[in-house]
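The next block holds one structure in the form of structure tokens; read it before the comments.
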Number of protein chains: 2
Amino acid sequence: MNIGTKLNTPNARDRFERLHAELRSRICLLDYPPGMRLSEQTLAEEFGVSRTPLRRVLVRLEGEGLLQSVQGVGTFVTDVEIEEMEQTYRLRLELAELTGRLDPVQPDAALWSEFLELAARSHALIGDPDPRHFAQINMDFFLALLRLTENEPLRDISERLYFRTARIWLKSIKASTIDMSEEAIVFNREVDDILTALKVGDLHAASLIQRAHISMSFNRMLKGVTTRQEAGGGSTKSVQVSEKS
Amino acid sequence: MNIGTKLNTPNARDRFERLHAELRSRICLLDYPPGMRLSEQTLAEEFGVSRTPLRRVLVRLEGEGLLQSVQGVGTFVTDVEIEEMEQTYRLRLELAELTGRLDPVQPDAALWSEFLELAARSHALIGDPDPRHFAQINMDFFLALLRLTENEPLRDISERLYFRTARIWLKSIKASTIDMSEEAIVFNREVDDILTALKVGDLHAASLIQRAHISMSFNRMLKGVTTRQEAGGGSTKSVQVSEKS
DNA sequence: TCAGGCGATGCTGTGCACAACAAAGTAGCT
DNA sequence: AGCTACTTTGTTGTGCACAGCATCGCCTGA
């Protein structure tokens, strides 16, 4: 599939963007879990390019805080500590509210249909609570909400911070510290509430709802980690490290 | 000087950081004005390295929105439109206040002495209003204020946005649309006011003062641009474009 | 048996030559 | 004279071979 899509990208810039989005997606969807070592050679062969253009993508991802390259050792998917994650979440709370306060714009027809489609997808999630599918819908919904503001710098940094925390959420889900069905129901309520606010054109209210749900989601994650530590007795390190082979 | 400092950076990572900081500084201090074309070959020779490691720096700077590379044409210093600049400034206002609200920390002895030194430097600025020197002090002061919060993601994005707007401010100064002496006096008052707030330990007040001054500074810039357009009659394009050669 | 050094191995980092590409200049045709 | 097509030139993008570096395993000596 990856090599096949290469034919659709004649110029270098589009190919770079595709590789970047693909690798970022794999990292955020935990296909490449935190701590995993990536091989430039292997990745280059998989995408049918040389190491040189691939390294350009890796440098970008390193600048976004998703990767870290060490000479003589390898390129690793970054892992974040719980403290920094909490800081990031507190900042994301403020930015979420800013989305409804700075340069808000009413959704157009295309965005509306996208929201409705997302509502349907999230509803179908209740019957089939697949973690990866869940994370994908969550990501798409977040990116759709971002289009409710015209403030491009705000969108940039919000997106940047989201991709930095998204995988942490999915990791908590996969670690079975949170009940998937319940999480799906809560997420559906979030989507419905936000869409209700959007229907009456109250973008600030929508952003406040989103902010509230981000806050509650983070608290559920914190509770899940604490519960697991109390129950299993495993160290925090064992939870964070995800070694391959 | 640049080749000489190379000896002090044995490993690749430090050299990368140095090159990155140096080029970013040159861009923000308008040594490389917006629209200017940079030659990879020339830069590589100046720093005594090959194009390959230099390109890594350029890719990073492109990710930060300071450069843009186009195949077959060249690498250009980006220019920002007035609309996006206004959005960025509105966002920076909010982030400045967040600095005093999210994880604030009292300055330690080292930071205090740095603030005092900055106050002295800014005071000396009144007698010698050199634009570049002014910009350097402004940058150092902003970075020092950023150390008043422990929230690292907030520091990252604030710094990111600052470096994206700093050169715009300096450009307005250099275009003689703003009175340098008056600007220096205003800046000294900002420094004094913020230091007064810091002395009584009111970090939130300090951040509010900073926010107010950022807002007023932007308004002075807007006014300066408007005045220039009314007086000279030059198009907005002529103000933004800075051609070399 | 254990400790220390030392070489093998594999990774990222670097330099160089060439390809892809765009823009400017130029010659030739109308 | 004006326009078109081609050539020339300079730039960024790519591929490849090698250097620098860290880690692991082995080997040697006490």
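Residues are named by chain letter and number: chains run A, B, ... in the order of the structure tokens, numbers start at 1 in each chain, and ligands are numbered from 1 in the order shown.
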
- Check every residue of chain C for an atom within 9 Å of chain A, counting only C-alpha atoms (C1' of nucleotides), and provide those that qualify as a PyMOL selection string. chain C and resi 10-13

Chain B contacts to chain A at 6 Å (only C-alpha atoms) as a ChimeraX atom specification:
/B:87-88,151,153

Could you save the residues just selected, with N, CA and C atoms, as a PDB file, in the first residue's frame?
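The result, written out as result.pdb:
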ATOM      1  N   GLN B  87      -3.144  37.313  14.152  1.00  0.00           N
ATOM      2  CA  GLN B  87      -3.598  36.104  14.841  1.00  0.00           C
ATOM      3  C   GLN B  87      -2.542  35.616  15.815  1.00  0.00           C
ATOM      4  N   THR B  88      -1.299  35.603  15.327  1.00  0.00           N
ATOM      5  CA  THR B  88      -0.216  35.132  16.179  1.00  0.00           C
ATOM      6  C   THR B  88      -0.085  36.002  17.420  1.00  0.00           C
ATOM      7  N   ASN B 151       6.112  25.068  33.149  1.00  0.00           N
ATOM      8  CA  ASN B 151       5.377  24.319  32.135  1.00  0.00           C
ATOM      9  C   ASN B 151       6.168  24.312  30.829  1.00  0.00           C
ATOM     10  N   PRO B 153       5.920  22.543  27.901  1.00  0.00           N
ATOM     11  CA  PRO B 153       5.226  22.721  26.610  1.00  0.00           C
ATOM     12  C   PRO B 153       4.845  24.178  26.364  1.00  0.00           C
TER      13      PRO B 153
END

Residues within 10 Å of DC16 (chain D), only C-alpha atoms (C1' of nucleotides), excluding chain neighbours under 3 positions, as a PyMOL selection string: (chain A and resi 50-52) or (chain C and resi 16-17)

A straight line from CA of Asp193 (chain B) to CA of Leu222 (chain B) spans 23.8 Å

| request: Using only C-alpha atoms (C1' of nucleotides), find which residues of chain D lie within 12 Å of chain B and jot them down as a list in words. | output: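 The selection requested is DT9, DG10, DT11, DT12, DG13, DT14, DG20 and DC21 of chain D.
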
Take the selection from the previous step and output its residues with N, CA, C and O atoms (P, O5', C5', C4', C3', O3' and C1' of nucleotides), as an mmCIF file, in the first residue's frame.
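File written: again-v9.cif
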data_model
loop_
_atom_site.group_PDB
_atom_site.id
_atom_site.type_symbol
_atom_site.label_atom_id
_atom_site.label_comp_id
_atom_site.auth_asym_id
_atom_site.auth_seq_id
_atom_site.Cartn_x
_atom_site.Cartn_y
_atom_site.Cartn_z
ATOM 1 P P DT D 9 26.405 27.532 -19.584
ATOM 2 O "O5'" DT D 9 25.774 27.933 -18.174
ATOM 3 C "C5'" DT D 9 24.992 29.143 -18.070
ATOM 4 C "C4'" DT D 9 24.263 29.161 -16.738
ATOM 5 C "C3'" DT D 9 25.035 28.580 -15.549
ATOM 6 O "O3'" DT D 9 24.972 29.473 -14.463
ATOM 7 C "C1'" DT D 9 22.895 27.612 -15.666
ATOM 8 P P DG D 10 26.119 29.379 -13.287
ATOM 9 O "O5'" DG D 10 25.225 29.263 -11.974
ATOM 10 C "C5'" DG D 10 24.095 30.128 -11.814
ATOM 11 C "C4'" DG D 10 23.025 29.450 -10.987
ATOM 12 C "C3'" DG D 10 23.545 28.771 -9.718
ATOM 13 O "O3'" DG D 10 22.793 29.206 -8.595
ATOM 14 C "C1'" DG D 10 22.151 27.299 -10.935
ATOM 15 P P DT D 11 23.372 28.922 -7.109
ATOM 16 O "O5'" DT D 11 22.213 28.078 -6.438
ATOM 17 C "C5'" DT D 11 20.884 28.596 -6.394
ATOM 18 C "C4'" DT D 11 19.878 27.463 -6.335
ATOM 19 C "C3'" DT D 11 20.100 26.452 -5.211
ATOM 20 O "O3'" DT D 11 19.378 26.836 -4.069
ATOM 21 C "C1'" DT D 11 19.408 25.411 -7.274
ATOM 22 P P DT D 12 19.623 26.029 -2.681
ATOM 23 O "O5'" DT D 12 18.617 24.794 -2.753
ATOM 24 C "C5'" DT D 12 17.212 25.013 -2.814
ATOM 25 C "C4'" DT D 12 16.496 23.747 -3.271
ATOM 26 C "C3'" DT D 12 16.459 22.617 -2.233
ATOM 27 O "O3'" DT D 12 15.177 21.988 -2.283
ATOM 28 C "C1'" DT D 12 17.448 21.830 -4.200
ATOM 29 P P DG D 13 14.890 20.736 -1.296
ATOM 30 O "O5'" DG D 13 15.140 19.448 -2.210
ATOM 31 C "C5'" DG D 13 14.094 19.005 -3.072
ATOM 32 C "C4'" DG D 13 14.421 17.624 -3.649
ATOM 33 C "C3'" DG D 13 14.572 16.516 -2.605
ATOM 34 O "O3'" DG D 13 13.917 15.340 -3.080
ATOM 35 C "C1'" DG D 13 16.545 16.667 -3.890
ATOM 36 P P DT D 14 13.877 14.020 -2.183
ATOM 37 O "O5'" DT D 14 15.048 13.130 -2.788
ATOM 38 C "C5'" DT D 14 15.074 12.879 -4.193
ATOM 39 C "C4'" DT D 14 16.209 11.946 -4.541
ATOM 40 C "C3'" DT D 14 16.399 10.746 -3.601
ATOM 41 O "O3'" DT D 14 16.430 9.571 -4.390
ATOM 42 C "C1'" DT D 14 18.458 11.876 -3.946
ATOM 43 P P DG D 20 36.413 9.502 11.165
ATOM 44 O "O5'" DG D 20 35.173 9.483 12.159
ATOM 45 C "C5'" DG D 20 34.201 10.511 12.080
ATOM 46 C "C4'" DG D 20 33.136 10.309 13.133
ATOM 47 C "C3'" DG D 20 33.676 9.926 14.516
ATOM 48 O "O3'" DG D 20 32.939 10.629 15.505
ATOM 49 C "C1'" DG D 20 32.163 8.255 13.763
ATOM 50 P P DC D 21 33.410 10.561 17.060
ATOM 51 O "O5'" DC D 21 32.369 9.558 17.715
ATOM 52 C "C5'" DC D 21 30.971 9.692 17.412
ATOM 53 C "C4'" DC D 21 30.236 8.443 17.824
ATOM 54 C "C3'" DC D 21 30.679 7.834 19.155
ATOM 55 O "O3'" DC D 21 29.675 8.041 20.127
ATOM 56 C "C1'" DC D 21 30.255 6.173 17.488
#

Practice problem: Report the residues of region 3-208 of chain A whose backbone DSSP state falls under strand (DSSP E or B), written as a list in words. | Solution: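 Secondary structure check on region 3-208 of chain A, strand (DSSP E or B): Arg37, Leu38, Leu67, Gln68, Ser69, Val70, Gly74, Thr75, Phe76, Val77, Pro104 and Thr149 of chain A.
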
Tell me, as a list in words, which residues lie within 12 Å of Met216 (chain B), counting only C-alpha atoms (C1' of nucleotides); anything in the same chain fewer than 4 positions away does not count.
Tyr89, Arg90, Leu93, Glu183, Val186, Phe187, Glu190, Ile209, Gln210, Arg211, Ala212, Arg220, Met221, Leu222 and Lys223 of chain B

Between CA of Ala184 (chain A) and CA of Leu125 (chain A) lies a distance of 6.5 Å

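One finds C1' of DG7 (chain C) at 10.8 Å from C1' of DC24 (chain D).
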
Check your understanding: Skipping near chain neighbours, those fewer than 4 positions away, what residues fall within 10 Å of region 116-120 of chain A using only C-alpha atoms (C1' of nucleotides), listed as an MDAnalysis selection string?
Key -> chainID A and resid 111:112 124:125 137:138 140:141 144 187:192 195

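Among the candidates A:Arg121, A:Ser113, A:Arg167, A:Thr99, the one nearest to Val77 (chain A) when counting only C-alpha atoms is A:Arg167.
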
Counting only C-alpha atoms (C1' of nucleotides), what is within 10 Å of Ala205 (chain B), bar same-chain residues fewer than 5 positions away, as a compact mmCIF listing (two decimals) with all heavy atoms, in the first residue's frame?
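Ended up saving to part_28.txt:
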# COMPACT_ATOMS: atom_id res chain seq x y z
N GLU B 97 -0.19 35.51 29.35
CA GLU B 97 -0.90 35.47 30.62
C GLU B 97 -0.82 34.07 31.23
O GLU B 97 -0.71 33.92 32.45
CB GLU B 97 -2.35 35.88 30.42
CG GLU B 97 -3.03 36.26 31.73
CD GLU B 97 -4.36 35.61 31.88
OE1 GLU B 97 -5.04 35.40 30.87
OE2 GLU B 97 -4.72 35.27 33.03
N GLY B 100 1.99 33.25 33.63
CA GLY B 100 1.88 33.59 35.04
C GLY B 100 0.84 32.77 35.77
O GLY B 100 0.71 32.86 37.00
N ARG B 101 0.09 31.96 35.02
CA ARG B 101 -1.00 31.22 35.64
C ARG B 101 -0.73 29.71 35.70
O ARG B 101 -1.21 29.03 36.60
CB ARG B 101 -2.29 31.48 34.83
CG ARG B 101 -3.58 31.18 35.52
CD ARG B 101 -4.67 32.19 35.10
NE ARG B 101 -4.89 32.22 33.66
CZ ARG B 101 -5.61 31.31 33.00
NH1 ARG B 101 -6.16 30.32 33.66
NH2 ARG B 101 -5.77 31.40 31.70
N ASP B 193 8.35 47.80 35.37
CA ASP B 193 7.06 47.38 35.92
C ASP B 193 7.06 45.90 36.23
O ASP B 193 6.60 45.46 37.29
CB ASP B 193 5.93 47.71 34.93
CG ASP B 193 5.66 49.20 34.87
OD1 ASP B 193 6.23 49.92 35.71
OD2 ASP B 193 4.89 49.63 33.99
N ILE B 194 7.56 45.10 35.29
CA ILE B 194 7.57 43.65 35.50
C ILE B 194 8.48 43.28 36.67
O ILE B 194 8.12 42.45 37.52
CB ILE B 194 8.01 42.93 34.21
CG1 ILE B 194 6.93 43.06 33.14
CG2 ILE B 194 8.33 41.46 34.49
CD1 ILE B 194 7.24 42.36 31.84
N THR B 196 9.17 45.13 39.18
CA THR B 196 8.49 45.53 40.41
C THR B 196 7.51 44.44 40.86
O THR B 196 7.44 44.09 42.04
CB THR B 196 7.72 46.85 40.18
OG1 THR B 196 8.64 47.85 39.76
CG2 THR B 196 7.02 47.28 41.45
N ALA B 197 6.76 43.92 39.91
CA ALA B 197 5.81 42.85 40.23
C ALA B 197 6.55 41.61 40.72
O ALA B 197 6.10 40.92 41.64
CB ALA B 197 4.96 42.52 39.01
N LEU B 198 7.69 41.34 40.10
CA LEU B 198 8.44 40.14 40.50
C LEU B 198 9.01 40.29 41.91
O LEU B 198 9.12 39.31 42.65
CB LEU B 198 9.59 39.88 39.50
CG LEU B 198 9.18 39.44 38.10
CD1 LEU B 198 10.40 39.18 37.25
CD2 LEU B 198 8.30 38.20 38.15
N VAL B 200 7.68 41.64 44.48
CA VAL B 200 6.68 41.29 45.49
C VAL B 200 6.14 39.88 45.26
O VAL B 200 5.22 39.45 45.94
CB VAL B 200 5.52 42.30 45.49
CG1 VAL B 200 6.03 43.69 45.86
CG2 VAL B 200 4.82 42.33 44.14
N GLN B 210 3.19 42.07 31.05
CA GLN B 210 3.82 41.68 29.79
C GLN B 210 2.77 41.61 28.67
O GLN B 210 3.00 42.08 27.56
CB GLN B 210 4.51 40.32 29.95
CG GLN B 210 5.29 39.93 28.70
CD GLN B 210 5.72 38.47 28.74
OE1 GLN B 210 5.24 37.70 29.57
NE2 GLN B 210 6.61 38.10 27.83
N ARG B 211 1.64 41.01 29.01
CA ARG B 211 0.57 40.90 28.03
C ARG B 211 0.14 42.27 27.53
O ARG B 211 -0.04 42.50 26.33
CB ARG B 211 -0.63 40.17 28.66
CG ARG B 211 -1.81 40.08 27.72
CD ARG B 211 -3.08 39.64 28.42
NE ARG B 211 -4.22 39.99 27.59
CZ ARG B 211 -5.13 39.13 27.17
NH1 ARG B 211 -5.06 37.88 27.54
NH2 ARG B 211 -6.12 39.51 26.40

**OP:** as a ChimeraX atom specification, please: all residues of region 30-232 of chain A that backbone DSSP puts in alpha helix (DSSP H).
**Re:** /A:40-47,51-63,82-101,109-127,131-146,152-174,180-199,203-232
